[in-house]
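The structure under discussion appears below in the form of structure tokens.
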Amino acid sequence: MAPSFGMLVVGLTGNIGAGKSSVARLFASWGATVVDADVLARAAVAPGTDALRAISVRWGKNVVMGDGALDRAALRRVVFTDPAERVALEAIVHPEVARLRADAVAAARNRGDRLVVCDIPLLFEAALTGTVDAIVLVDAPRDQRLQRLIRDRGLSANEAATMIDVQWPPDRKRPLADWIVENDATPAELAARSRAVFDALSARAAST
């Protein structure tokens, strides 16, 4: 696909536990404009938003905390065990996240930014590949991803496995990516591999 004029928009993706956020932080530290999916997702369901009201109507007050904020853990327990419920949640949240992402990319273009990295966990699953100029996939073996979710997020093995299994398997995603960052070794090796991809992206951005 043709790059956006004067700016390269990169879709950074990876299955849960692969280390996509670590790569995003590295890219940001090297000067890329990073549009953080977690920030957008939290803004989309902030107190007072239409999305949070729709969630409350659908799943009840038990998924809203006393201060009016979304109880993400309670909602996760509901939607990740029922595919129909997960689809219903995505139908509420994804359009708002997409709007916020488009606003952030437009602001970057107006500033004259050259390399914009959009962190999009469900880039393939949500059919968003056409919204970016290039795709970087962060990948790691399933066992490593499972252990990271248990260690870093305090999930049970069953919860972690469920969250992994609702996404496309990496073997389906790898052929569709322009670059792959393997995160199966040390942080230093991840940084080196990420830097090589960042340099390639920067060179491509400079040619737009």
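By convention here, the chains of the structure tokens are called A, B, ... in the order presented, each chain's residues are numbered starting at 1, and ligands are numbered starting at 1 in the order presented.
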For range 5-101 of chain A against range 167-186 of chain A, with a cut-off of 8 Å and counting only C-alpha atoms, what is the closest atom pair and its distance in Å to one decimal for every residue that makes the cut, ordered by chain and number, as a Markdown table?
```
| residue | atom | partner | partner_atom | distance |
| --- | --- | --- | --- | --- |
| A:Gly14 | CA | A:Pro170 | CA | 8.0 |
| A:Asn15 | CA | A:Gln167 | CA | 6.8 |
| A:Ala18 | CA | A:Asn183 | CA | 6.7 |
| A:Gly19 | CA | A:Asn183 | CA | 6.7 |
```
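Considering only range 130-186 of chain A, backbone DSSP assigns strand (DSSP E or B) to Ala134, Ile135, Val136, Leu137, Val138, Asp139, Trp179, Ile180, Val181 and Glu182 of chain A.
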Quick one: residues within 12 Å of Asp36 in chain A, only C-alpha atoms, excluding same-chain residues fewer than 3 positions away - as a PyMOL selection string?
chain A and resi 11-13+20-25+27-28+32-33+39-43+97-98+100-101+104-105+116-121
Output the selection as a JSON list (two decimals), in the first residue's frame - N, CA and C atoms for each residue.
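Generated output (part-v1.json):
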```json
[["chain", "number", "residue", "atom", "x", "y", "z"],
["A", 11, "GLY", "N", 1.72, 0.12, 11.98],
["A", 11, "GLY", "CA", 0.91, -0.66, 12.91],
["A", 11, "GLY", "C", 1.81, -1.61, 13.67],
["A", 12, "LEU", "N", 1.90, -1.40, 14.97],
["A", 12, "LEU", "CA", 2.70, -2.28, 15.83],
["A", 12, "LEU", "C", 1.75, -3.22, 16.55],
["A", 13, "THR", "N", 1.93, -4.51, 16.35],
["A", 13, "THR", "CA", 1.00, -5.47, 16.92],
["A", 13, "THR", "C", 1.76, -6.67, 17.46],
["A", 20, "LYS", "N", 4.89, -6.39, 23.03],
["A", 20, "LYS", "CA", 4.64, -5.26, 22.13],
["A", 20, "LYS", "C", 4.83, -3.91, 22.83],
["A", 21, "SER", "N", 4.37, -3.82, 24.07],
["A", 21, "SER", "CA", 4.50, -2.54, 24.80],
["A", 21, "SER", "C", 5.96, -2.20, 25.05],
["A", 22, "SER", "N", 6.79, -3.21, 25.27],
["A", 22, "SER", "CA", 8.22, -2.96, 25.47],
["A", 22, "SER", "C", 8.84, -2.39, 24.19],
["A", 23, "VAL", "N", 8.46, -2.94, 23.05],
["A", 23, "VAL", "CA", 8.97, -2.43, 21.78],
["A", 23, "VAL", "C", 8.45, -1.01, 21.53],
["A", 24, "ALA", "N", 7.20, -0.76, 21.87],
["A", 24, "ALA", "CA", 6.65, 0.58, 21.70],
["A", 24, "ALA", "C", 7.43, 1.60, 22.53],
["A", 25, "ARG", "N", 7.77, 1.23, 23.76],
["A", 25, "ARG", "CA", 8.55, 2.15, 24.60],
["A", 25, "ARG", "C", 9.93, 2.42, 24.00],
["A", 27, "PHE", "N", 10.71, 2.30, 20.74],
["A", 27, "PHE", "CA", 10.50, 3.16, 19.58],
["A", 27, "PHE", "C", 10.29, 4.60, 20.01],
["A", 28, "ALA", "N", 9.51, 4.81, 21.07],
["A", 28, "ALA", "CA", 9.27, 6.17, 21.57],
["A", 28, "ALA", "C", 10.55, 6.81, 22.07],
["A", 32, "ALA", "N", 10.19, 8.07, 17.80],
["A", 32, "ALA", "CA", 8.92, 7.86, 17.09],
["A", 32, "ALA", "C", 7.76, 8.44, 17.90],
["A", 33, "THR", "N", 6.73, 8.87, 17.20],
["A", 33, "THR", "CA", 5.48, 9.24, 17.85],
["A", 33, "THR", "C", 4.68, 7.95, 18.03],
["A", 39, "VAL", "N", -3.77, 3.70, 26.31],
["A", 39, "VAL", "CA", -4.23, 5.06, 26.61],
["A", 39, "VAL", "C", -5.55, 5.34, 25.91],
["A", 40, "LEU", "N", -5.64, 4.95, 24.63],
["A", 40, "LEU", "CA", -6.87, 5.17, 23.88],
["A", 40, "LEU", "C", -8.03, 4.37, 24.46],
["A", 41, "ALA", "N", -7.75, 3.11, 24.82],
["A", 41, "ALA", "CA", -8.81, 2.25, 25.35],
["A", 41, "ALA", "C", -9.34, 2.78, 26.66],
["A", 42, "ARG", "N", -8.46, 3.32, 27.49],
["A", 42, "ARG", "CA", -8.92, 3.88, 28.77],
["A", 42, "ARG", "C", -9.70, 5.18, 28.55],
["A", 43, "ALA", "N", -9.26, 5.98, 27.60],
["A", 43, "ALA", "CA", -9.98, 7.21, 27.30],
["A", 43, "ALA", "C", -11.37, 6.91, 26.73],
["A", 97, "VAL", "N", -12.27, 3.85, 19.98],
["A", 97, "VAL", "CA", -10.80, 3.79, 19.95],
["A", 97, "VAL", "C", -10.29, 4.18, 18.57],
["A", 98, "ALA", "N", -10.95, 3.70, 17.52],
["A", 98, "ALA", "CA", -10.55, 4.04, 16.15],
["A", 98, "ALA", "C", -10.65, 5.54, 15.91],
["A", 100, "LEU", "N", -10.41, 7.95, 18.21],
["A", 100, "LEU", "CA", -9.34, 8.60, 18.96],
["A", 100, "LEU", "C", -7.99, 8.39, 18.28],
["A", 101, "ARG", "N", -7.78, 7.19, 17.72],
["A", 101, "ARG", "CA", -6.52, 6.93, 17.02],
["A", 101, "ARG", "C", -6.40, 7.81, 15.77],
["A", 104, "ALA", "N", -5.40, 11.22, 16.77],
["A", 104, "ALA", "CA", -3.99, 11.31, 17.15],
["A", 104, "ALA", "C", -3.08, 11.30, 15.93],
["A", 105, "VAL", "N", -3.41, 10.48, 14.94],
["A", 105, "VAL", "CA", -2.60, 10.44, 13.71],
["A", 105, "VAL", "C", -2.73, 11.75, 12.95],
["A", 116, "VAL", "N", 5.09, 7.60, 12.77],
["A", 116, "VAL", "CA", 4.04, 7.43, 13.77],
["A", 116, "VAL", "C", 3.76, 5.94, 13.93],
["A", 117, "VAL", "N", 3.88, 5.46, 15.14],
["A", 117, "VAL", "CA", 3.68, 4.04, 15.44],
["A", 117, "VAL", "C", 2.40, 3.89, 16.22],
["A", 118, "CYS", "N", 1.43, 3.19, 15.65],
["A", 118, "CYS", "CA", 0.16, 2.94, 16.31],
["A", 118, "CYS", "C", 0.18, 1.54, 16.92],
["A", 119, "ASP", "N", 0.13, 1.50, 18.23],
["A", 119, "ASP", "CA", 0.06, 0.25, 18.96],
["A", 119, "ASP", "C", -1.37, -0.28, 18.83],
["A", 120, "ILE", "N", -1.56, -1.37, 18.07],
["A", 120, "ILE", "CA", -2.90, -1.90, 17.80],
["A", 120, "ILE", "C", -2.88, -3.40, 18.08],
["A", 121, "PRO", "N", -3.30, -3.82, 19.28],
["A", 121, "PRO", "CA", -3.23, -5.25, 19.62],
["A", 121, "PRO", "C", -3.99, -6.15, 18.64]]
```
Inset, instruction - Using only C-alpha atoms, determine which residues lie at most 12 Å from Glu85 in chain A, disregarding the query and same-chain residues fewer than 4 positions distant; provide the list as a list in words. - result: Ile55, Arg58, Trp59, Leu75, Arg76, Arg77, Val78, Val79, Phe80, Thr81, Leu89, Glu90, Ala91 and Ile92 of chain A
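Across the structure, CA of Thr208 in chain A and CA of Glu96 in chain A are spaced 29.1 Å apart.
Considering only C-alpha atoms, the residue among A:Val138, A:Val93, A:Asp82, A:Ala108 positioned nearest to Arg53 in chain A is A:Val93.
Those residues that approach Leu155 in chain A to within 12 Å, counting only C-alpha atoms, are Gly17, Ala73, Arg76, Arg77, Arg145, Leu146, Gln147, Arg148, Leu149, Ala161, Thr162, Met163 and Ile164 of chain A; same-chain residues fewer than 6 positions away are not listed.
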Those same residues - C-alpha atoms - I'd like them written as an mmCIF file, in the first residue's frame.
```cif
data_model
loop_
_atom_site.group_PDB
_atom_site.id
_atom_site.type_symbol
_atom_site.label_atom_id
_atom_site.label_comp_id
_atom_site.auth_asym_id
_atom_site.auth_seq_id
_atom_site.Cartn_x
_atom_site.Cartn_y
_atom_site.Cartn_z
ATOM 1 C CA GLY A 17 2.316 -11.305 26.342
ATOM 2 C CA ALA A 73 -11.015 -6.955 35.790
ATOM 3 C CA ARG A 76 -12.700 -9.150 31.581
ATOM 4 C CA ARG A 77 -14.038 -12.083 33.598
ATOM 5 C CA ARG A 145 3.729 -15.431 26.677
ATOM 6 C CA LEU A 146 1.709 -17.552 29.080
ATOM 7 C CA GLN A 147 4.316 -17.262 31.829
ATOM 8 C CA ARG A 148 4.601 -13.495 31.356
ATOM 9 C CA LEU A 149 0.849 -13.060 31.788
ATOM 10 C CA ALA A 161 -4.590 -19.249 28.257
ATOM 11 C CA THR A 162 -8.079 -17.928 27.504
ATOM 12 C CA MET A 163 -6.734 -14.463 26.680
ATOM 13 C CA ILE A 164 -4.095 -15.977 24.406
#
```
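Nearest residue to Ala127 in chain A, choosing from A:Arg72, A:His94, A:Arg86, A:Arg195 and counting only C-alpha atoms: A:His94.
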With distances taken over only C-alpha atoms, the candidate from A:Ala192, A:Val63, A:Ala46, A:Leu128 nearest Leu26 in chain A is A:Ala192
If you run DSSP over the backbone, which residues in range 45-188 of chain A end up helix (DSSP H, G or I)? Put them as a ChimeraX atom specification.
-> /A:50-59,61-63,72-79,83-111,129-131,142-153,157-165,170-176,187-188
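Note that the spacing between CA of Glu125 in chain A and CA of Asn62 in chain A amounts to 28.2 Å.
We find CA of Leu137 in chain A and CA of Ala51 in chain A to be spaced 28.7 Å apart.
Minimum distance to Arg153 in chain A across A:Val57, A:Ile16, A:Ala107, A:Ile135 (counting only C-alpha atoms) occurs at A:Ile16.
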